[in-house]
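> Sharing a structure, written as structure tokens. Questions coming.
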Amino acid sequence: MTSGTAQSRYEQVYADWARDPEGWWAARAEGLSWTRRWDRVLDASRPPLYRWFPGGMLNTCYNALDRHVAAGRGAQAALVYDSPMAGRLESLTYAELTERTARFAGALARLGVGRGDRVIVYMPMVPEAVIAMLACARLGAIHSVVFGGFAANELATRIADAKPKVIVSASCGLEPGRVVKYKPLLDAAIELSPHKPAHCVILQRPQEKAPLMAKRDFDWDEAVAGAPAAECVPVAATDPLYILYTSGTTGKPKGVVRDNGGHAVALANSMEMVYGARAGDAYWAASDVGWVVGHSYIVYGPLLAGCTTILYEGKPVGTPDAGAYWRVSAQHKVRVLFTAPTAIRAIKKEDPEGRLLRQHDLSRLDALFLAGERCDPDTVQWAERLLARPVIDHWWQTETGWTISGDFRGYGLFPVKAGSAGRPAPGYDVRVLGEDHRPVPPGQIGSIVVKLPLPPGTLPTLWQNEEGFRAAYLDEFPGHYKTADAGMIDTDGYVWVMSRTDDIINVAGHRLSTGAMEEVLASHKDVAECAVVGVKDSLKGQVPMGLVVLKSGVNRPEAEIAAELVGMVREKIGPVAAFKDARVVQRLPKTRSGKILRATIRKIADGESYVMPPTIDDPVTLDEIAGLLKGAMR
Ligand code: COA
Ligand code: AMP
């Protein structure tokens with residue numbers, strides 16, 4: 001599987017792309033259906049801002065659904081919904097998914113949604129979430145999906161920024177052991193937001209009936225009843241398809257924009273190039289539609305490629321056991337499985353010998369793909385040994401929407417180096433720069449950047465915030481996109497992604513901002529100052545830990561304050577932050593000029609060696625914090 005031929009095939013394709021990037025992408029765009037051909041492949045007239053396929057017109061929903069029906073795939077399963085949480089199994093063919101999407105688009109149109117309008121989708125993992133996204137695409141409206149594990153406050157920030165005309169939600173989500181009532185969270189978020197949507201459409205799930213507000217709220221079924229099937233509205237290739245908010249360095253999330261044309265081209269191409277998946281294959285991204293992996297590889301990628309996508313409402317363990325992923329893979333004849341390393345670690349912990357795995361027929365499975373966080377070599381090797389199939393780590397981000405580096409199933413595969421995230425995808429010129437902004441020699445750690453222009457499918461800007469886009473990604477390394485990841489490229493050209501250069505931590509494959517958590521802790525009446533760091537965790541990769549200094553004169557029990565802080569983060573950011581550990585400390589280590597030494601604390605938390613900064617005010621405090629963090633690592 002890992003032959004020299006495969007390696008040269010990758011090298012050949014990469015060289016083809018590098019020789020003529022525009023010709024290479026134009027050839028890939030031919031496979032889609034356009035209502036108007038592009039004038040140019042790349043508009044490079046305003047560097048460092050670039051646009052792909054200007055002049056082109058298409059509809060993403062048409063390409064993901066109707067096109068396949070027209071080509072004779074109407075009777076093939078497009079979406080399989082498998083929910084151990086709800087005890088439901090449902091399959092929708094391409095013809096059925098097209099019909100239901102067109103009707104829901106008709107319902108949205110009746111509520112006044114049209115091209116360019118925003119629609120927030122705050123939903124659990126149910127087929128209606130996918131239908132709502134595709135219905136927006138059908139109308140040329142812009143969806144913004146908000147992950148269900150976020151609290152009202154986070155939802156409110158997104159409502160305020162995206163200014164949706166309509167919000168589509170459900171009465172509840174289902175988590176092991178509890179029903180998460182969405183409607184009170186939604187109502188609270190609308191209350192908090194200065195912008196109010198005109199309407200909400202609520203899917204009433206049998207586990208929980210939500211009270212609806214007259215005139216503003218509509219039951220999903222009633223909204224759809226009698227709605228005409230909406231036609232696909234052609235939009236400009238450069239028009240936004242969606243906004244996906246992701247953690248930035250402050251409490252204010254960044255609205256990553258995805259365009260229609262470049263996105264469709266890049267994702268359709270990635271299905272075969274990266275995953276080796278073809279029309280008719282069953283493809284399963286075990287993620288959530290609220291994350292980028294869900295957008296790209298539960299919804300758009302597999303459907304653009306004519307695959308059958310699996311929508312799984314459950315967990316890797318406990319629903320009912322650590323064999324769930326293998327059961328779903330076998331039952332739906334999954335060819336490509338994609339998940340986060342944390343899920344595999346959870347399975348490995350409960351079923352280290354793979355007894356549950358062996359109970360299922362995985363003969364159709366071709367490869368396991370991992371992304372979302374750095375994968376420890378142990379986990380890769382464990383999965384390789386038990387599955388006897390390629391286990392491929394690939395690196396990407398919400399901003400890029402698809403693989404920056406990995407191994408390429410479509411080109412055979414080259415030898416894996418466990419711990420590295422493979423080699424750059426055709427489309428990306430990846431470099432590592434030092435503090436002087438010059439390339440560092442192979443094997444040396446620096447900031448990983450991508451030479452501009454970024455390929456199609458990556459973010460063209462932030463939602464109504466071009467300045468923020470430049471400041472966050474383009475200004476620091478002129479001519480390059482800053483990934484905010486640090487790492488190296490070795491002498492064989494493999495990329496090693498080691499850590500973030502900002503305050504983002506990765507908790508169970510979820511991207512979270514420690515800055516946002518610090519804002520919450522700092523708002524507690526007894527807290528004078530604080531720092532939040534990610535502490536190593538053998539299951540979740542990292543978990544946040546809060547260090548707080550109390551205001552002088554506060555003498556309430558520390559445990560009581562800590563419990564309040566944990567409650568506040570859950571309340572303001574959401575359970576997904578997994579913030580469960582707050583410690584009161586006497587002082588935080590600072591420089592003599594009074595700056596908290598966050599970078600040094602972070603290094604200690606990452607288990608890296610650190611040098612006592614020469615400007616430190618009080619070395620004893622740093623030693624104390626180091627002891628505390630080491631004691632908390634699991
Ligand atoms: N709606 C509401 N709450 C949610 C939620 C959702 N959609 N998703 C998670 N939560 C809650 C959980 O119930 C949990 O709450 P608790 O503190 O009351 O227990 C909390 O958020 C943390 O959830 P999670 O990080 O999922 O941890 P866990 O301990 O429940 O499960 C794993 C651990 C490893 C099994 C789980 O994290 C997992 O499946 N990870 C895979 C991650 C993934 O697919 N990431 C996508 C990127 S590719
Ligand atoms: P998100 O935007 O949530 O997808 O998170 C993106 C971040 O997760 C990246 O910038 C990396 O820090 C990390 N990440 C994702 N995939 C990998 C990987 N395969 N290896 C190392 N880090 C990864």
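Here's how to read the names in the structure tokens: chain A, B, ... by the order shown, residue numbers from 1 in each chain, ligand numbers from 1 in the order shown.
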Mind checking which residues fall within 10 Å of Leu108 in chain A, counting only C-alpha atoms, ignoring those fewer than 5 positions away in the same chain, and posting them as a PDB file with C-alpha atoms, in the first residue's frame?

```pdb
ATOM      1  CA  ALA A 102     -36.834  21.737  -1.877  1.00  0.00           C
ATOM      2  CA  ARG A 103     -39.963  21.781   0.356  1.00  0.00           C
ATOM      3  CA  VAL A 113     -35.677  34.114   3.197  1.00  0.00           C
ATOM      4  CA  GLY A 114     -33.944  34.866  -0.091  1.00  0.00           C
ATOM      5  CA  VAL A 119     -30.267  31.696   8.602  1.00  0.00           C
ATOM      6  CA  ALA A 132     -31.943  23.108   6.628  1.00  0.00           C
ATOM      7  CA  ALA A 135     -32.284  24.426   1.774  1.00  0.00           C
ATOM      8  CA  CYS A 136     -30.374  27.632   2.503  1.00  0.00           C
ATOM      9  CA  LEU A 139     -32.131  29.616  -2.029  1.00  0.00           C
ATOM     10  CA  ALA A 141     -29.188  32.149   1.524  1.00  0.00           C
ATOM     11  CA  LYS A 165     -33.757  36.552   9.282  1.00  0.00           C
ATOM     12  CA  VAL A 166     -34.755  33.091  10.505  1.00  0.00           C
ATOM     13  CA  VAL A 168     -33.980  26.938  12.584  1.00  0.00           C
ATOM     14  CA  HIS A 199     -39.042  33.921  12.762  1.00  0.00           C
ATOM     15  CA  VAL A 201     -38.731  27.213  12.878  1.00  0.00           C
ATOM     16  CA  ALA A 223     -43.978  25.443   8.148  1.00  0.00           C
ATOM     17  CA  VAL A 224     -43.406  22.764   5.523  1.00  0.00           C
ATOM     18  CA  ALA A 227     -44.935  24.778   0.948  1.00  0.00           C
ATOM     19  CA  ALA A 230     -38.293  25.784  -4.289  1.00  0.00           C
TER      20      ALA A 230
END
```
> Need the shell around Ile347 in chain A: protein/DNA/RNA residues with any atom at most 7 Å away, counting only C-alpha atoms. Skip same-chain ones fewer than 4 positions apart. Format as a compact mmCIF listing (two decimals) with N, CA, C and O atoms, in the first residue's frame?

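Ended up saving to result-v1.txt:
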```txt
# COMPACT_ATOMS: atom_id res chain seq x y z
N PRO A 316 -18.82 7.71 20.70
CA PRO A 316 -17.97 6.54 20.41
C PRO A 316 -18.06 5.47 21.50
O PRO A 316 -17.83 4.30 21.23
N VAL A 317 -18.36 5.88 22.71
CA VAL A 317 -18.49 4.91 23.82
C VAL A 317 -19.79 5.20 24.56
O VAL A 317 -20.27 6.32 24.57
N ALA A 322 -18.27 0.53 23.37
CA ALA A 322 -17.13 0.98 22.55
C ALA A 322 -17.07 0.28 21.20
O ALA A 322 -16.11 0.45 20.44
N ALA A 343 -11.85 10.34 19.93
CA ALA A 343 -12.87 9.28 19.88
C ALA A 343 -12.19 7.92 19.87
O ALA A 343 -12.63 6.98 20.54
N ASP A 351 -11.91 -0.68 25.16
CA ASP A 351 -11.80 -1.97 24.48
C ASP A 351 -10.39 -2.13 23.93
O ASP A 351 -10.18 -2.23 22.71
```
> Quick one: contact table of chain A to ligand 1, 8 Å max, nearest atom pair and distance in Å to one decimal per residue, counting only C-alpha atoms and all ligand atoms, chain and number order, as JSON lines?

```
{"residue": "A:Pro124", "atom": "CA", "partner": "ligand 1", "partner_atom_place_in_ligand_line": "7 (N)", "distance": 6.0}
{"residue": "A:Met125", "atom": "CA", "partner": "ligand 1", "partner_atom_place_in_ligand_line": "7 (N)", "distance": 7.7}
{"residue": "A:Phe147", "atom": "CA", "partner": "ligand 1", "partner_atom_place_in_ligand_line": "7 (N)", "distance": 6.1}
{"residue": "A:Gly148", "atom": "CA", "partner": "ligand 1", "partner_atom_place_in_ligand_line": "7 (N)", "distance": 4.0}
{"residue": "A:Gly149", "atom": "CA", "partner": "ligand 1", "partner_atom_place_in_ligand_line": "1 (N)", "distance": 3.6}
{"residue": "A:Phe150", "atom": "CA", "partner": "ligand 1", "partner_atom_place_in_ligand_line": "2 (C)", "distance": 7.0}
{"residue": "A:Gly173", "atom": "CA", "partner": "ligand 1", "partner_atom_place_in_ligand_line": "1 (N)", "distance": 5.9}
{"residue": "A:Leu174", "atom": "CA", "partner": "ligand 1", "partner_atom_place_in_ligand_line": "1 (N)", "distance": 7.1}
{"residue": "A:Glu175", "atom": "CA", "partner": "ligand 1", "partner_atom_place_in_ligand_line": "13 (O)", "distance": 5.2}
{"residue": "A:Pro176", "atom": "CA", "partner": "ligand 1", "partner_atom_place_in_ligand_line": "13 (O)", "distance": 6.8}
{"residue": "A:Arg178", "atom": "CA", "partner": "ligand 1", "partner_atom_place_in_ligand_line": "13 (O)", "distance": 7.9}
{"residue": "A:Val180", "atom": "CA", "partner": "ligand 1", "partner_atom_place_in_ligand_line": "2 (C)", "distance": 6.0}
{"residue": "A:Ala285", "atom": "CA", "partner": "ligand 1", "partner_atom_place_in_ligand_line": "48 (S)", "distance": 7.8}
{"residue": "A:Ala286", "atom": "CA", "partner": "ligand 1", "partner_atom_place_in_ligand_line": "44 (O)", "distance": 5.8}
{"residue": "A:Ser287", "atom": "CA", "partner": "ligand 1", "partner_atom_place_in_ligand_line": "44 (O)", "distance": 3.9}
{"residue": "A:Asp288", "atom": "CA", "partner": "ligand 1", "partner_atom_place_in_ligand_line": "46 (C)", "distance": 6.1}
{"residue": "A:Trp291", "atom": "CA", "partner": "ligand 1", "partner_atom_place_in_ligand_line": "46 (C)", "distance": 6.4}
{"residue": "A:Val292", "atom": "CA", "partner": "ligand 1", "partner_atom_place_in_ligand_line": "47 (C)", "distance": 7.6}
{"residue": "A:Val293", "atom": "CA", "partner": "ligand 1", "partner_atom_place_in_ligand_line": "48 (S)", "distance": 5.4}
{"residue": "A:Gly294", "atom": "CA", "partner": "ligand 1", "partner_atom_place_in_ligand_line": "48 (S)", "distance": 7.6}
{"residue": "A:Lys315", "atom": "CA", "partner": "ligand 1", "partner_atom_place_in_ligand_line": "39 (O)", "distance": 5.0}
{"residue": "A:Pro316", "atom": "CA", "partner": "ligand 1", "partner_atom_place_in_ligand_line": "39 (O)", "distance": 5.5}
{"residue": "A:Val317", "atom": "CA", "partner": "ligand 1", "partner_atom_place_in_ligand_line": "35 (C)", "distance": 6.0}
{"residue": "A:Phe338", "atom": "CA", "partner": "ligand 1", "partner_atom_place_in_ligand_line": "48 (S)", "distance": 7.8}
{"residue": "A:Thr339", "atom": "CA", "partner": "ligand 1", "partner_atom_place_in_ligand_line": "48 (S)", "distance": 5.3}
{"residue": "A:Ala340", "atom": "CA", "partner": "ligand 1", "partner_atom_place_in_ligand_line": "48 (S)", "distance": 4.5}
{"residue": "A:Pro341", "atom": "CA", "partner": "ligand 1", "partner_atom_place_in_ligand_line": "41 (C)", "distance": 7.7}
{"residue": "A:Thr342", "atom": "CA", "partner": "ligand 1", "partner_atom_place_in_ligand_line": "34 (C)", "distance": 5.0}
{"residue": "A:Ala343", "atom": "CA", "partner": "ligand 1", "partner_atom_place_in_ligand_line": "41 (C)", "distance": 4.7}
{"residue": "A:Ile344", "atom": "CA", "partner": "ligand 1", "partner_atom_place_in_ligand_line": "34 (C)", "distance": 7.9}
{"residue": "A:Arg345", "atom": "CA", "partner": "ligand 1", "partner_atom_place_in_ligand_line": "34 (C)", "distance": 7.3}
{"residue": "A:Ala346", "atom": "CA", "partner": "ligand 1", "partner_atom_place_in_ligand_line": "34 (C)", "distance": 5.4}
{"residue": "A:Leu370", "atom": "CA", "partner": "ligand 1", "partner_atom_place_in_ligand_line": "48 (S)", "distance": 7.7}
{"residue": "A:Ala371", "atom": "CA", "partner": "ligand 1", "partner_atom_place_in_ligand_line": "48 (S)", "distance": 5.9}
{"residue": "A:Gly372", "atom": "CA", "partner": "ligand 1", "partner_atom_place_in_ligand_line": "48 (S)", "distance": 4.8}
{"residue": "A:Val507", "atom": "CA", "partner": "ligand 1", "partner_atom_place_in_ligand_line": "25 (O)", "distance": 6.7}
{"residue": "A:Ala508", "atom": "CA", "partner": "ligand 1", "partner_atom_place_in_ligand_line": "37 (O)", "distance": 4.6}
{"residue": "A:Gly509", "atom": "CA", "partner": "ligand 1", "partner_atom_place_in_ligand_line": "45 (N)", "distance": 4.4}
{"residue": "A:His510", "atom": "CA", "partner": "ligand 1", "partner_atom_place_in_ligand_line": "45 (N)", "distance": 5.7}
{"residue": "A:Leu539", "atom": "CA", "partner": "ligand 1", "partner_atom_place_in_ligand_line": "34 (C)", "distance": 6.6}
{"residue": "A:Lys540", "atom": "CA", "partner": "ligand 1", "partner_atom_place_in_ligand_line": "34 (C)", "distance": 6.0}
{"residue": "A:Gly574", "atom": "CA", "partner": "ligand 1", "partner_atom_place_in_ligand_line": "21 (O)", "distance": 7.1}
{"residue": "A:Pro575", "atom": "CA", "partner": "ligand 1", "partner_atom_place_in_ligand_line": "21 (O)", "distance": 4.0}
{"residue": "A:Val576", "atom": "CA", "partner": "ligand 1", "partner_atom_place_in_ligand_line": "21 (O)", "distance": 3.6}
{"residue": "A:Ala577", "atom": "CA", "partner": "ligand 1", "partner_atom_place_in_ligand_line": "22 (C)", "distance": 6.6}
{"residue": "A:Ala578", "atom": "CA", "partner": "ligand 1", "partner_atom_place_in_ligand_line": "22 (C)", "distance": 5.1}
```
> Save out the residues we just selected, N, CA and C atoms, as a short mmCIF file (atom, residue, chain, number, x, y, z; two decimals), in the first residue's frame.

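So part08.cif came out as:
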```cif
data_model
loop_
_atom_site.label_atom_id
_atom_site.label_comp_id
_atom_site.auth_asym_id
_atom_site.auth_seq_id
_atom_site.Cartn_x
_atom_site.Cartn_y
_atom_site.Cartn_z
N PRO A 124 -29.55 19.62 16.79
CA PRO A 124 -28.81 18.39 17.09
C PRO A 124 -28.56 17.61 15.79
N MET A 125 -28.03 16.42 15.93
CA MET A 125 -27.66 15.62 14.76
C MET A 125 -28.88 14.85 14.23
N PHE A 147 -23.07 24.98 17.00
CA PHE A 147 -22.98 23.68 17.68
C PHE A 147 -23.89 23.67 18.91
N GLY A 148 -24.60 22.54 19.10
CA GLY A 148 -25.58 22.42 20.18
C GLY A 148 -24.98 22.47 21.58
N GLY A 149 -23.69 22.23 21.72
CA GLY A 149 -23.10 22.23 23.06
C GLY A 149 -22.72 23.61 23.55
N PHE A 150 -23.02 24.65 22.72
CA PHE A 150 -22.74 26.02 23.16
C PHE A 150 -23.93 26.58 23.94
N GLY A 173 -31.82 18.40 22.15
CA GLY A 173 -30.75 17.51 21.74
C GLY A 173 -30.73 16.35 22.74
N LEU A 174 -30.07 15.27 22.38
CA LEU A 174 -30.03 14.11 23.28
C LEU A 174 -28.59 13.80 23.62
N GLU A 175 -28.25 13.95 24.88
CA GLU A 175 -26.93 13.58 25.37
C GLU A 175 -27.12 12.39 26.30
N PRO A 176 -26.09 11.54 26.44
CA PRO A 176 -26.28 10.38 27.31
C PRO A 176 -26.79 10.80 28.70
N ARG A 178 -29.27 12.64 29.52
CA ARG A 178 -30.04 13.87 29.69
C ARG A 178 -30.56 14.39 28.35
N VAL A 180 -31.23 17.68 26.36
CA VAL A 180 -30.81 19.09 26.41
C VAL A 180 -31.91 19.93 25.76
N ALA A 285 -18.31 10.61 8.39
CA ALA A 285 -17.54 11.51 9.26
C ALA A 285 -18.26 11.53 10.60
N ALA A 286 -17.64 10.89 11.60
CA ALA A 286 -18.25 10.83 12.93
C ALA A 286 -17.89 12.11 13.67
N SER A 287 -18.62 13.15 13.34
CA SER A 287 -18.40 14.46 13.94
C SER A 287 -19.77 15.05 14.20
N ASP A 288 -19.89 16.36 14.17
CA ASP A 288 -21.18 17.01 14.41
C ASP A 288 -21.34 18.08 13.33
N TRP A 291 -19.57 21.52 13.57
CA TRP A 291 -18.13 21.78 13.36
C TRP A 291 -17.83 21.76 11.86
N VAL A 292 -16.63 22.21 11.53
CA VAL A 292 -16.27 22.26 10.12
C VAL A 292 -16.21 20.85 9.51
N VAL A 293 -15.79 19.88 10.30
CA VAL A 293 -15.74 18.52 9.77
C VAL A 293 -17.14 18.08 9.34
N GLY A 294 -18.13 18.47 10.13
CA GLY A 294 -19.51 18.14 9.80
C GLY A 294 -19.97 18.85 8.54
N LYS A 315 -22.35 8.54 20.57
CA LYS A 315 -20.98 8.77 21.01
C LYS A 315 -20.13 7.56 20.64
N PRO A 316 -18.82 7.71 20.70
CA PRO A 316 -17.97 6.54 20.41
C PRO A 316 -18.06 5.47 21.50
N VAL A 317 -18.36 5.88 22.71
CA VAL A 317 -18.49 4.91 23.82
C VAL A 317 -19.79 5.20 24.56
N PHE A 338 -14.04 8.76 9.20
CA PHE A 338 -13.26 9.94 9.58
C PHE A 338 -13.73 10.36 10.95
N THR A 339 -12.79 10.46 11.90
CA THR A 339 -13.18 10.95 13.23
C THR A 339 -12.01 11.66 13.89
N ALA A 340 -12.23 12.08 15.14
CA ALA A 340 -11.17 12.77 15.87
C ALA A 340 -10.39 11.74 16.69
N PRO A 341 -9.08 11.94 16.85
CA PRO A 341 -8.29 11.00 17.65
C PRO A 341 -8.89 10.73 19.02
N THR A 342 -9.49 11.75 19.63
CA THR A 342 -10.05 11.58 20.97
C THR A 342 -11.10 10.47 21.00
N ALA A 343 -11.85 10.34 19.93
CA ALA A 343 -12.87 9.28 19.88
C ALA A 343 -12.19 7.92 19.87
N ILE A 344 -11.10 7.80 19.12
CA ILE A 344 -10.37 6.51 19.07
C ILE A 344 -9.73 6.23 20.43
N ARG A 345 -9.22 7.29 21.08
CA ARG A 345 -8.64 7.07 22.42
C ARG A 345 -9.71 6.58 23.39
N ALA A 346 -10.94 7.14 23.26
CA ALA A 346 -12.02 6.71 24.15
C ALA A 346 -12.35 5.23 23.91
N LEU A 370 -8.05 10.61 10.55
CA LEU A 370 -8.13 11.32 11.82
C LEU A 370 -7.74 12.78 11.63
N ALA A 371 -8.47 13.67 12.28
CA ALA A 371 -8.11 15.09 12.28
C ALA A 371 -8.81 15.78 13.43
N GLY A 372 -8.46 17.02 13.63
CA GLY A 372 -9.10 17.83 14.66
C GLY A 372 -8.14 18.18 15.77
N VAL A 507 -9.86 20.62 23.00
CA VAL A 507 -10.41 19.74 24.03
C VAL A 507 -11.33 18.73 23.36
N ALA A 508 -10.94 17.48 23.37
CA ALA A 508 -11.71 16.41 22.73
C ALA A 508 -12.04 16.78 21.28
N GLY A 509 -11.05 17.32 20.58
CA GLY A 509 -11.26 17.67 19.17
C GLY A 509 -12.07 18.95 18.99
N HIS A 510 -12.42 19.61 20.08
CA HIS A 510 -13.17 20.86 20.00
C HIS A 510 -12.22 22.02 20.22
N LEU A 539 -7.19 11.40 27.51
CA LEU A 539 -8.37 11.11 26.68
C LEU A 539 -8.70 12.28 25.75
N LYS A 540 -8.84 13.47 26.34
CA LYS A 540 -9.30 14.62 25.55
C LYS A 540 -8.17 15.42 24.92
N GLY A 574 -20.67 27.06 27.64
CA GLY A 574 -21.40 25.83 27.36
C GLY A 574 -20.69 24.61 27.91
N PRO A 575 -21.40 23.48 28.01
CA PRO A 575 -20.79 22.27 28.56
C PRO A 575 -19.60 21.80 27.74
N VAL A 576 -19.60 22.14 26.43
CA VAL A 576 -18.54 21.65 25.56
C VAL A 576 -17.16 22.18 25.98
N ALA A 577 -17.12 23.26 26.74
CA ALA A 577 -15.83 23.79 27.20
C ALA A 577 -15.15 22.82 28.15
N ALA A 578 -15.93 21.91 28.76
CA ALA A 578 -15.39 20.90 29.68
C ALA A 578 -14.50 21.56 30.74
#
```
> Based on the backbone DSSP call, show me all residues of range 289-352 of chain A assigned strand (DSSP E or B), as a list in words.
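Across range 289-352 of chain A, those assigned strand (DSSP E or B) are Thr308, Thr309, Ile310, Leu311, Tyr312, Val334, Arg335, Val336, Leu337, Phe338 and Thr339 of chain A.
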> Neighbouring residues of range 400-415 of chain A were defined as those with any atom within 7 Å, considering only C-alpha atoms; residues of the same chain fewer than 6 positions away were excluded. Please report them as a PyMOL selection string.
chain A and resi 1-3+6-7+9-10+272-276+292+296+392-394+421-425+428+457-459
> Env of Ala152 in chain A: 8 Å cut, atoms = only C-alpha atoms, seq-sep filter 4 positions within chain, self excluded. Answer as a count of residues only.
9
> CA of Arg115 in chain A to CA of Pro240 in chain A: how many Å, to one decimal?
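Computed distance, CA of Arg115 in chain A to CA of Pro240 in chain A, equals 9.9 Å.
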> If we count only C-alpha atoms, what is near range 474-485 of chain A at a cut-off of 6 Å, once residues fewer than 6 positions away on the same chain are taken out, given as a PDB file with N, CA, C and O atoms, in the first residue's frame?

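Output below, filename around-v2.pdb:
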```
ATOM      1  N   ILE A 448       3.947  27.811  11.155  1.00  0.00           N
ATOM      2  CA  ILE A 448       3.577  27.207   9.862  1.00  0.00           C
ATOM      3  C   ILE A 448       2.669  28.191   9.133  1.00  0.00           C
ATOM      4  O   ILE A 448       1.658  28.654   9.685  1.00  0.00           O
ATOM      5  N   VAL A 449       3.041  28.508   7.906  1.00  0.00           N
ATOM      6  CA  VAL A 449       2.258  29.434   7.088  1.00  0.00           C
ATOM      7  C   VAL A 449       2.016  28.796   5.716  1.00  0.00           C
ATOM      8  O   VAL A 449       2.657  27.806   5.371  1.00  0.00           O
ATOM      9  N   VAL A 450       1.077  29.383   4.975  1.00  0.00           N
ATOM     10  CA  VAL A 450       0.823  28.920   3.612  1.00  0.00           C
ATOM     11  C   VAL A 450       1.015  30.116   2.692  1.00  0.00           C
ATOM     12  O   VAL A 450       0.455  31.191   2.944  1.00  0.00           O
ATOM     13  N   LYS A 451       1.804  29.917   1.649  1.00  0.00           N
ATOM     14  CA  LYS A 451       2.030  31.024   0.714  1.00  0.00           C
ATOM     15  C   LYS A 451       0.723  31.336  -0.001  1.00  0.00           C
ATOM     16  O   LYS A 451       0.013  30.423  -0.438  1.00  0.00           O
ATOM     17  N   LEU A 452       0.408  32.620  -0.113  1.00  0.00           N
ATOM     18  CA  LEU A 452      -0.826  33.033  -0.793  1.00  0.00           C
ATOM     19  C   LEU A 452      -0.662  32.893  -2.302  1.00  0.00           C
ATOM     20  O   LEU A 452       0.444  33.012  -2.798  1.00  0.00           O
ATOM     21  N   SER A 499       1.934  22.544  17.994  1.00  0.00           N
ATOM     22  CA  SER A 499       1.155  23.310  18.976  1.00  0.00           C
ATOM     23  C   SER A 499       0.599  24.565  18.325  1.00  0.00           C
ATOM     24  O   SER A 499       0.979  24.914  17.214  1.00  0.00           O
ATOM     25  N   ARG A 500      -0.277  25.246  19.031  1.00  0.00           N
ATOM     26  CA  ARG A 500      -0.816  26.522  18.537  1.00  0.00           C
ATOM     27  C   ARG A 500       0.119  27.650  18.986  1.00  0.00           C
ATOM     28  O   ARG A 500       0.787  27.556  20.010  1.00  0.00           O
ATOM     29  N   THR A 501       0.107  28.717  18.203  1.00  0.00           N
ATOM     30  CA  THR A 501       0.907  29.873  18.601  1.00  0.00           C
ATOM     31  C   THR A 501       0.032  30.907  19.309  1.00  0.00           C
ATOM     32  O   THR A 501       0.496  31.958  19.684  1.00  0.00           O
TER      33      THR A 501
END
```
> Got a sec to tell me which of range 45-215 of chain A DSSP assigns to helix (DSSP H, G or I), as JSON, numbers by chain?
{"A": [60, 61, 62, 63, 64, 65, 66, 67, 68, 69, 70, 71, 72, 73, 94, 95, 96, 97, 98, 99, 100, 101, 102, 103, 104, 105, 106, 107, 108, 109, 110, 127, 128, 129, 130, 131, 132, 133, 134, 135, 136, 137, 138, 139, 152, 153, 154, 155, 156, 157, 158, 159, 160, 161, 162, 182, 183, 184, 185, 186, 187, 188, 189, 190, 191, 192]}
> Choose the residue, out of A:Leu89, A:Ala418, A:Val440, A:Cys61, that has the smallest atom-to-atom separation from Glu231 in chain A; count only C-alpha atoms.
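For Glu231 in chain A, the nearest of the candidates is A:Cys61.
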> Could you tell me which of A:Leu387, A:Met213, A:Cys375, A:Leu462 comes closest to ligand 2 if we count only C-alpha atoms and all ligand atoms?
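Nearest to ligand 2: A:Cys375.
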> Between CA of Arg138 in chain A and CA of Asp82 in chain A, measure the distance and give it in Å to one decimal.
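Separation of CA of Arg138 in chain A and CA of Asp82 in chain A: 25.1 Å.
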> Might you pull out every residue within 8 Å of Val126 in chain A, with only C-alpha atoms counted and same-chain residues fewer than 4 positions away left off, and present them as a list in words?
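Final neighbour list, sorted by chain and number: Tyr81, Val130, Leu311 and Glu313 of chain A.
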